[in-house]
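Undergrad: The structure under discussion is supplied below as structure tokens; questions concerning it will follow.
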Amino acid sequence: MPLEALLFDVDGTLADTERDGHRPAFNAAFREFGLDWDWDAPLYGKLLAVTGGKERMKHYVDAFRPDFEKPTDFDDLIAELHKAKTRHYTAMLAKGNVPMRPGVKRLLEEAREAGIRLAVATTTTPENVTGLLEHSLEKGSTAWFEVIAAGDIVPAKKPAPDIYIWALEKMGLAPEQCLAFEDSENGIRASRGARLKTLVTINDYTRDHDFSGAAVVLSDLGEPDAPATAISGVWEGLGYVTLDSLKSLHRG
Ligand code: XBP
Ligand code: MG
């Protein structure tokens with residue numbers, strides 16, 4: 001089956017958003033609510049094991065703050081904290097300070113020109129996706145994506161495959177017609193769970209993850225003047241990922 005569509009994870013894949021984006025936004029929300037919670041970069045790496053901001057905060061309290069007395073309306077507090085966190089994060093995005101990763105814009109433009117369909121499959125909140133695309137990729141680029149599958153649209157977040165299955169159903173595509181792009185173990189468990197062939201680009205938080213099942217693991221998508229390196233799997237393309245190289249990965 002020919003390659004019809006590319007499905008992209010967002011956090012860690014399109015942009016390095018976690019350490020200097022989501023993390024300080026959580027901390028700003030905690031301060032705003034007068035909480036003494038503070039997530040430093042190494043702790044945040046551990047917390048990333050749980051996807052979804054609301055789920056991550058609950059996990060933090062359960063695993064790291066047994067001293068915290070949960071109010072009876074704990075779920076409401078988490079929801080309010082998460083709203084504040086989204087406000088801080090999208091304000092950060094609006095400043096245009098979160099760049100796309102190498103090769104992302106170049107590859108998206110090439111795919112678009114070739115009529116390849118594009119989608120997003122992420123656990124993050126929808127306005128975070130729009131904010132990133134509009135401010136860091138290009139104004140109006142949200143429309144480049146036929147489907148944006150995000151956040152609570154499915155109750156079971158990654159590593160459950162549900163978000164990818166939802167996106168495939170929406171597009172009327174079989175997994176064999178697509179490639180997925182991921183950066184993390186939870187992400188590839190989700191994409192492989194949906195039977196999608198997956199290209200992984202690593203980042204500092206995920207380089208030691210288990211990427212078994214990946215078609216190939218690369219440092220990043222690369223640029224003509226800044227070649228990517230292969231971490232595992234066979235990569236016979238140029239030093240940067242092109243649509244042709246994706247087509248041969250998809251066939252192989
Ligand atoms: C992303 C996430 C998200 C973000 C925060 O995972 O786990 O929770 O860290 O976003 P993936 P929200 O890249 O695998 O989709 O606070 O909006 O949930
Ligand atoms: Mg990710």
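Residues in the structure tokens are numbered from 1 in each chain, the chains being A, B, ... in the order shown, and ligands are numbered from 1 in the order shown.
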Need to verify the contact set: range 80-92 of chain A, 9 Å, only C-alpha atoms, exclusion of same-chain residues closer than 2 positions in sequence. Can you return it as a list of chain:residue names?
TA: A:Gly21, A:His22, A:Arg23, A:Pro24, A:Ala25, A:Phe26, A:Asn27, A:Ala28, A:Ala29, A:Phe30, A:Glu32, A:Phe33, A:Gly53, A:Lys54, A:Met57, A:Asp75, A:Asp76, A:Leu77, A:Ile78, A:Ala94, A:Lys95, A:Gly96, A:Asn97, A:Val98, A:Thr125, A:Glu127, A:Asn128, A:Gly131, A:Leu132
Undergrad: Next, write the just-selected residues to a file, as a compact mmCIF listing (two decimals), in the first residue's frame, keeping N, CA and C atoms as the atom set.
TA:
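Okay, selection_36.txt is ready:
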```
# COMPACT_ATOMS: atom_id res chain seq x y z
N GLY A 21 9.31 24.19 28.71
CA GLY A 21 7.98 24.66 28.32
C GLY A 21 6.92 24.21 29.31
N HIS A 22 6.53 22.94 29.20
CA HIS A 22 5.50 22.42 30.11
C HIS A 22 5.96 22.52 31.58
N ARG A 23 7.20 22.12 31.86
CA ARG A 23 7.66 22.06 33.26
C ARG A 23 7.54 23.42 33.96
N PRO A 24 8.13 24.50 33.41
CA PRO A 24 7.95 25.79 34.10
C PRO A 24 6.50 26.26 34.14
N ALA A 25 5.69 25.83 33.18
CA ALA A 25 4.26 26.22 33.21
C ALA A 25 3.56 25.54 34.39
N PHE A 26 3.88 24.26 34.63
CA PHE A 26 3.33 23.59 35.82
C PHE A 26 3.77 24.35 37.07
N ASN A 27 5.06 24.65 37.15
CA ASN A 27 5.58 25.31 38.36
C ASN A 27 4.93 26.68 38.58
N ALA A 28 4.69 27.40 37.50
CA ALA A 28 4.03 28.72 37.63
C ALA A 28 2.61 28.54 38.17
N ALA A 29 1.91 27.48 37.73
CA ALA A 29 0.56 27.22 38.22
C ALA A 29 0.60 26.85 39.71
N PHE A 30 1.59 26.06 40.11
CA PHE A 30 1.70 25.67 41.52
C PHE A 30 1.91 26.92 42.39
N GLU A 32 1.07 29.98 41.66
CA GLU A 32 -0.16 30.78 41.62
C GLU A 32 -1.17 30.28 42.66
N PHE A 33 -1.19 28.99 42.89
CA PHE A 33 -2.13 28.40 43.84
C PHE A 33 -1.55 28.28 45.25
N GLY A 53 -1.13 16.05 31.60
CA GLY A 53 -0.79 16.94 32.71
C GLY A 53 -1.59 16.67 33.98
N LYS A 54 -2.88 16.45 33.84
CA LYS A 54 -3.71 16.20 35.03
C LYS A 54 -3.29 14.88 35.68
N MET A 57 0.08 15.31 37.52
CA MET A 57 0.00 15.97 38.83
C MET A 57 -0.53 15.01 39.90
N ASP A 75 -10.07 16.49 42.57
CA ASP A 75 -10.14 16.48 41.10
C ASP A 75 -10.41 17.88 40.55
N ASP A 76 -11.22 18.66 41.29
CA ASP A 76 -11.48 20.04 40.85
C ASP A 76 -10.21 20.88 40.96
N LEU A 77 -9.48 20.68 42.07
CA LEU A 77 -8.22 21.41 42.23
C LEU A 77 -7.27 21.09 41.07
N ILE A 78 -7.16 19.80 40.74
CA ILE A 78 -6.29 19.39 39.63
C ILE A 78 -6.75 20.05 38.32
N ALA A 94 3.09 31.83 22.80
CA ALA A 94 2.74 33.05 22.05
C ALA A 94 3.95 33.97 21.89
N LYS A 95 4.91 33.84 22.79
CA LYS A 95 6.14 34.65 22.66
C LYS A 95 7.05 34.10 21.57
N GLY A 96 6.71 32.92 21.05
CA GLY A 96 7.50 32.34 19.94
C GLY A 96 8.85 31.79 20.39
N ASN A 97 8.94 31.44 21.68
CA ASN A 97 10.24 30.99 22.22
C ASN A 97 10.48 29.50 22.16
N VAL A 98 9.55 28.75 21.59
CA VAL A 98 9.70 27.28 21.56
C VAL A 98 9.87 26.84 20.10
N THR A 125 -3.00 19.05 25.52
CA THR A 125 -4.26 19.78 25.36
C THR A 125 -4.33 20.45 23.98
N GLU A 127 -5.34 23.32 22.74
CA GLU A 127 -4.83 24.69 22.51
C GLU A 127 -3.30 24.77 22.57
N ASN A 128 -2.66 23.76 23.23
CA ASN A 128 -1.20 23.74 23.22
C ASN A 128 -0.67 23.41 21.82
N GLY A 131 -1.32 26.50 19.58
CA GLY A 131 -0.36 27.56 19.96
C GLY A 131 1.02 27.29 19.39
N LEU A 132 1.45 26.05 19.49
CA LEU A 132 2.78 25.71 18.96
C LEU A 132 2.82 25.88 17.45
```
Undergrad: So that I can check the secondary structure, give me every residue of range 66-245 of chain A assigned strand (DSSP E or B) by backbone DSSP, as number ranges by chain.
TA: A: 100, 117-121, 147-149, 178-182, 197-201, 216-218, 223, 226, 230-232
Undergrad: Print the selection's residues with N, CA, C and O atoms to a file, as an mmCIF file, in the first residue's frame.
TA:
```cif
data_model
loop_
_atom_site.group_PDB
_atom_site.id
_atom_site.type_symbol
_atom_site.label_atom_id
_atom_site.label_comp_id
_atom_site.auth_asym_id
_atom_site.auth_seq_id
_atom_site.Cartn_x
_atom_site.Cartn_y
_atom_site.Cartn_z
ATOM 1 N N MET A 100 10.574 24.767 16.588
ATOM 2 C CA MET A 100 10.363 23.411 16.065
ATOM 3 C C MET A 100 11.721 22.709 16.024
ATOM 4 O O MET A 100 12.768 23.345 15.886
ATOM 5 N N ARG A 117 -1.118 13.359 3.322
ATOM 6 C CA ARG A 117 -2.018 13.877 4.353
ATOM 7 C C ARG A 117 -1.306 13.909 5.714
ATOM 8 O O ARG A 117 -0.487 13.041 6.008
ATOM 9 N N LEU A 118 -1.644 14.903 6.519
ATOM 10 C CA LEU A 118 -0.948 15.106 7.800
ATOM 11 C C LEU A 118 -1.928 15.089 8.959
ATOM 12 O O LEU A 118 -3.060 15.568 8.843
ATOM 13 N N ALA A 119 -1.462 14.553 10.089
ATOM 14 C CA ALA A 119 -2.288 14.546 11.299
ATOM 15 C C ALA A 119 -1.407 14.638 12.533
ATOM 16 O O ALA A 119 -0.194 14.382 12.471
ATOM 17 N N VAL A 120 -2.040 15.007 13.636
ATOM 18 C CA VAL A 120 -1.375 15.059 14.935
ATOM 19 C C VAL A 120 -2.058 14.050 15.851
ATOM 20 O O VAL A 120 -3.286 13.927 15.838
ATOM 21 N N ALA A 121 -1.255 13.327 16.633
ATOM 22 C CA ALA A 121 -1.810 12.423 17.655
ATOM 23 C C ALA A 121 -1.004 12.621 18.932
ATOM 24 O O ALA A 121 0.152 12.193 19.016
ATOM 25 N N VAL A 147 -6.376 16.243 10.710
ATOM 26 C CA VAL A 147 -6.926 15.826 11.997
ATOM 27 C C VAL A 147 -5.943 16.215 13.096
ATOM 28 O O VAL A 147 -4.735 15.979 12.952
ATOM 29 N N ILE A 148 -6.474 16.839 14.160
ATOM 30 C CA ILE A 148 -5.646 17.062 15.348
ATOM 31 C C ILE A 148 -6.292 16.282 16.486
ATOM 32 O O ILE A 148 -7.315 16.694 17.052
ATOM 33 N N ALA A 149 -5.727 15.124 16.750
ATOM 34 C CA ALA A 149 -6.231 14.254 17.825
ATOM 35 C C ALA A 149 -5.420 14.581 19.070
ATOM 36 O O ALA A 149 -4.204 14.369 19.091
ATOM 37 N N CYS A 178 0.222 4.523 6.512
ATOM 38 C CA CYS A 178 0.740 5.681 7.273
ATOM 39 C C CYS A 178 2.100 5.403 7.905
ATOM 40 O O CYS A 178 2.519 4.259 8.044
ATOM 41 N N LEU A 179 2.733 6.492 8.318
ATOM 42 C CA LEU A 179 3.906 6.423 9.187
ATOM 43 C C LEU A 179 3.652 7.320 10.390
ATOM 44 O O LEU A 179 3.053 8.393 10.248
ATOM 45 N N ALA A 180 4.123 6.887 11.562
ATOM 46 C CA ALA A 180 4.016 7.721 12.763
ATOM 47 C C ALA A 180 5.402 8.222 13.164
ATOM 48 O O ALA A 180 6.416 7.584 12.874
ATOM 49 N N PHE A 181 5.410 9.380 13.843
ATOM 50 C CA PHE A 181 6.645 9.995 14.336
ATOM 51 C C PHE A 181 6.508 10.172 15.836
ATOM 52 O O PHE A 181 5.572 10.829 16.304
ATOM 53 N N GLU A 182 7.453 9.616 16.583
ATOM 54 C CA GLU A 182 7.391 9.644 18.045
ATOM 55 C C GLU A 182 8.763 9.927 18.641
ATOM 56 O O GLU A 182 9.786 9.817 17.967
ATOM 57 N N LYS A 197 3.839 1.757 11.553
ATOM 58 C CA LYS A 197 5.287 1.809 11.407
ATOM 59 C C LYS A 197 5.743 3.161 11.941
ATOM 60 O O LYS A 197 5.121 4.192 11.637
ATOM 61 N N THR A 198 6.823 3.177 12.743
ATOM 62 C CA THR A 198 7.146 4.400 13.484
ATOM 63 C C THR A 198 8.615 4.787 13.369
ATOM 64 O O THR A 198 9.507 3.952 13.560
ATOM 65 N N LEU A 199 8.829 6.056 13.047
ATOM 66 C CA LEU A 199 10.164 6.642 13.054
ATOM 67 C C LEU A 199 10.310 7.418 14.366
ATOM 68 O O LEU A 199 9.446 8.218 14.707
ATOM 69 N N VAL A 200 11.404 7.143 15.088
ATOM 70 C CA VAL A 200 11.622 7.818 16.370
ATOM 71 C C VAL A 200 12.749 8.831 16.241
ATOM 72 O O VAL A 200 13.791 8.535 15.656
ATOM 73 N N THR A 201 12.525 10.032 16.776
ATOM 74 C CA THR A 201 13.625 10.977 16.976
ATOM 75 C C THR A 201 13.738 11.198 18.481
ATOM 76 O O THR A 201 12.749 11.491 19.147
ATOM 77 N N VAL A 216 13.056 2.886 12.705
ATOM 78 C CA VAL A 216 14.397 3.463 12.820
ATOM 79 C C VAL A 216 14.381 4.490 13.951
ATOM 80 O O VAL A 216 13.334 5.081 14.239
ATOM 81 N N VAL A 217 15.534 4.635 14.609
ATOM 82 C CA VAL A 217 15.665 5.650 15.665
ATOM 83 C C VAL A 217 16.762 6.623 15.230
ATOM 84 O O VAL A 217 17.903 6.215 15.001
ATOM 85 N N LEU A 218 16.405 7.883 15.098
ATOM 86 C CA LEU A 218 17.348 8.906 14.644
ATOM 87 C C LEU A 218 17.524 9.976 15.720
ATOM 88 O O LEU A 218 16.660 10.148 16.591
ATOM 89 N N GLU A 223 18.883 18.378 8.837
ATOM 90 C CA GLU A 223 18.804 19.420 7.807
ATOM 91 C C GLU A 223 19.999 19.218 6.888
ATOM 92 O O GLU A 223 20.993 18.606 7.293
ATOM 93 N N ALA A 226 22.958 20.156 8.627
ATOM 94 C CA ALA A 226 23.087 19.638 10.000
ATOM 95 C C ALA A 226 22.557 18.208 10.029
ATOM 96 O O ALA A 226 21.430 17.958 10.438
ATOM 97 N N ALA A 230 21.956 8.097 12.897
ATOM 98 C CA ALA A 230 21.098 6.940 13.193
ATOM 99 C C ALA A 230 21.522 6.359 14.532
ATOM 100 O O ALA A 230 22.705 6.106 14.776
ATOM 101 N N ILE A 231 20.569 6.156 15.426
ATOM 102 C CA ILE A 231 20.859 5.580 16.740
ATOM 103 C C ILE A 231 20.680 4.061 16.675
ATOM 104 O O ILE A 231 21.466 3.306 17.208
ATOM 105 N N SER A 232 19.625 3.615 16.022
ATOM 106 C CA SER A 232 19.446 2.179 15.791
ATOM 107 C C SER A 232 18.526 1.971 14.598
ATOM 108 O O SER A 232 17.751 2.856 14.239
#
```
Undergrad: Measure the distance from CA of Ile165 in chain A to CA of Lys58 in chain A in Å and round it to one decimal.
TA: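 Straight-line distance from CA of Ile165 in chain A to CA of Lys58 in chain A works out to 26.1 Å.
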Undergrad: Would you name the residues within 12 Å of ligand 2, counting only C-alpha atoms and all ligand atoms, and put them as a compact mmCIF listing (two decimals) with N, CA and C atoms, in the first residue's frame?
TA:
```
# COMPACT_ATOMS: atom_id res chain seq x y z
N PHE A 8 1.91 12.74 13.46
CA PHE A 8 2.96 13.27 14.33
C PHE A 8 2.53 13.40 15.78
N ASP A 9 3.40 12.90 16.67
CA ASP A 9 3.33 13.28 18.07
C ASP A 9 3.79 14.75 18.15
N VAL A 10 3.50 15.42 19.23
CA VAL A 10 3.85 16.84 19.35
C VAL A 10 5.02 17.05 20.33
N ASP A 11 4.76 16.77 21.61
CA ASP A 11 5.77 17.08 22.63
C ASP A 11 6.99 16.18 22.49
N GLY A 12 8.13 16.78 22.28
CA GLY A 12 9.36 16.04 22.12
C GLY A 12 9.64 15.66 20.68
N THR A 13 8.62 15.66 19.83
CA THR A 13 8.78 15.24 18.44
C THR A 13 8.78 16.44 17.50
N LEU A 14 7.72 17.23 17.53
CA LEU A 14 7.71 18.46 16.71
C LEU A 14 8.60 19.52 17.33
N ALA A 15 8.60 19.58 18.66
CA ALA A 15 9.39 20.59 19.37
C ALA A 15 9.79 20.04 20.73
N ASP A 16 10.91 20.54 21.25
CA ASP A 16 11.36 20.15 22.58
C ASP A 16 10.61 20.99 23.61
N THR A 17 9.45 20.54 23.98
CA THR A 17 8.54 21.38 24.78
C THR A 17 8.59 21.09 26.28
N GLU A 18 9.14 19.95 26.67
CA GLU A 18 8.90 19.51 28.05
C GLU A 18 9.71 20.27 29.10
N LEU A 48 7.52 12.26 33.67
CA LEU A 48 7.10 12.07 32.28
C LEU A 48 6.66 10.63 31.99
N ALA A 49 6.96 9.72 32.93
CA ALA A 49 6.48 8.34 32.77
C ALA A 49 4.96 8.31 32.67
N VAL A 50 4.32 9.32 33.26
CA VAL A 50 2.85 9.41 33.18
C VAL A 50 2.50 10.52 32.19
N THR A 51 1.76 10.17 31.15
CA THR A 51 1.38 11.18 30.15
C THR A 51 0.11 11.90 30.59
N GLY A 52 -0.05 13.12 30.10
CA GLY A 52 -1.23 13.92 30.46
C GLY A 52 -0.92 14.74 31.70
N VAL A 120 -2.04 15.01 13.64
CA VAL A 120 -1.38 15.06 14.94
C VAL A 120 -2.06 14.05 15.85
N ALA A 121 -1.26 13.33 16.63
CA ALA A 121 -1.81 12.42 17.66
C ALA A 121 -1.00 12.62 18.93
N THR A 122 -1.61 13.27 19.91
CA THR A 122 -0.87 13.68 21.10
C THR A 122 -1.73 13.61 22.35
N THR A 123 -1.10 13.51 23.51
CA THR A 123 -1.87 13.56 24.75
C THR A 123 -2.03 14.98 25.26
N THR A 124 -1.32 15.92 24.67
CA THR A 124 -1.39 17.28 25.20
C THR A 124 -2.72 17.96 24.83
N ALA A 150 -6.09 15.13 20.09
CA ALA A 150 -5.33 15.67 21.23
C ALA A 150 -6.11 15.56 22.54
N LYS A 157 -4.99 7.68 27.66
CA LYS A 157 -3.87 8.37 26.98
C LYS A 157 -2.75 7.40 26.66
N LYS A 158 -1.77 7.87 25.87
CA LYS A 158 -0.60 7.03 25.58
C LYS A 158 -0.03 6.53 26.91
N PRO A 159 0.43 5.31 27.02
CA PRO A 159 0.79 4.37 25.95
C PRO A 159 -0.38 3.61 25.32
N ALA A 180 4.12 6.89 11.56
CA ALA A 180 4.02 7.72 12.76
C ALA A 180 5.40 8.22 13.16
N PHE A 181 5.41 9.38 13.84
CA PHE A 181 6.65 10.00 14.34
C PHE A 181 6.51 10.17 15.84
N GLU A 182 7.45 9.62 16.58
CA GLU A 182 7.39 9.64 18.04
C GLU A 182 8.76 9.93 18.64
N ASP A 183 8.77 10.25 19.95
CA ASP A 183 10.04 10.53 20.62
C ASP A 183 10.20 9.75 21.91
N SER A 184 9.19 9.00 22.34
CA SER A 184 9.25 8.41 23.68
C SER A 184 8.74 6.98 23.68
N GLU A 185 9.05 6.29 24.78
CA GLU A 185 8.60 4.90 24.91
C GLU A 185 7.07 4.83 24.99
N ASN A 186 6.48 5.72 25.78
CA ASN A 186 5.00 5.72 25.83
C ASN A 186 4.43 5.99 24.45
N GLY A 187 5.08 6.87 23.71
CA GLY A 187 4.61 7.22 22.38
C GLY A 187 4.68 6.05 21.42
N ILE A 188 5.81 5.35 21.41
CA ILE A 188 5.93 4.25 20.45
C ILE A 188 5.07 3.06 20.86
N ARG A 189 4.84 2.91 22.15
CA ARG A 189 3.91 1.85 22.56
C ARG A 189 2.51 2.15 22.01
N ALA A 190 2.15 3.42 22.02
CA ALA A 190 0.84 3.82 21.49
C ALA A 190 0.79 3.61 19.97
N SER A 191 1.81 4.08 19.26
CA SER A 191 1.76 3.99 17.79
C SER A 191 1.86 2.54 17.33
N VAL A 200 11.40 7.14 15.09
CA VAL A 200 11.62 7.82 16.37
C VAL A 200 12.75 8.83 16.24
N THR A 201 12.52 10.03 16.78
CA THR A 201 13.63 10.98 16.98
C THR A 201 13.74 11.20 18.48
N ILE A 202 14.93 11.00 19.00
CA ILE A 202 15.12 11.06 20.46
C ILE A 202 15.35 12.49 20.94
N ASN A 203 15.25 12.67 22.25
CA ASN A 203 15.68 13.93 22.87
C ASN A 203 16.29 13.60 24.22
N ASP A 204 16.72 14.63 24.95
CA ASP A 204 17.47 14.38 26.18
C ASP A 204 16.69 13.57 27.22
N TYR A 205 15.40 13.76 27.25
CA TYR A 205 14.60 13.00 28.22
C TYR A 205 14.36 11.56 27.79
N THR A 206 14.49 11.27 26.49
CA THR A 206 14.03 9.95 26.02
C THR A 206 15.15 9.09 25.44
N HIS A 209 15.25 5.48 26.49
CA HIS A 209 14.00 4.70 26.46
C HIS A 209 14.15 3.45 25.60
```
Undergrad: May I ask which of the residues A:Asp67, A:Glu138, A:Asp162, A:Asp73 is the closest one to ligand 1, counting only C-alpha atoms and all ligand atoms?
TA: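 Using only C-alpha atoms and all ligand atoms, the shortest distance to ligand 1 belongs to A:Asp162.
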Undergrad: Could you work out how far CA of Tyr164 in chain A lies from CA of Gly193 in chain A, giving the answer in Å with one decimal?
TA: 8.6 Å
Undergrad: I'd like to know which of A:Gly45, A:Gly172, A:Pro161, A:Gly222 is closest to Arg195 in chain A, using only C-alpha atoms.
TA: A:Pro161
Undergrad: Suppose you want the space between atom 7 (O, counted along the ligand's line) of ligand 1 and CA of Thr72 in chain A; what is it in Å?
TA: 25.8 Å
Undergrad: Closest to ligand 1 among A:Glu134, A:Glu169, A:Glu55, A:Glu69, using only C-alpha atoms and all ligand atoms?
TA: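 Using only C-alpha atoms and all ligand atoms, the shortest distance to ligand 1 belongs to A:Glu55.
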Undergrad: Choose the residue, out of A:Leu3, A:Ile163, A:Leu35, A:Ala63, that has the smallest atom-to-atom separation from Leu47 in chain A; count only C-alpha atoms.
TA: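 Closest to Leu47 in chain A of all the choices is A:Ala63.
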Undergrad: If you run DSSP on the backbone, which residues of range 62-143 of chain A are alpha helix (DSSP H), as JSON, numbers by chain?
TA: {"A": [62, 63, 64, 74, 75, 76, 77, 78, 79, 80, 81, 82, 83, 84, 85, 86, 87, 88, 89, 90, 91, 92, 93, 94, 104, 105, 106, 107, 108, 109, 110, 111, 112, 113, 126, 127, 128, 129, 130, 131, 132]}
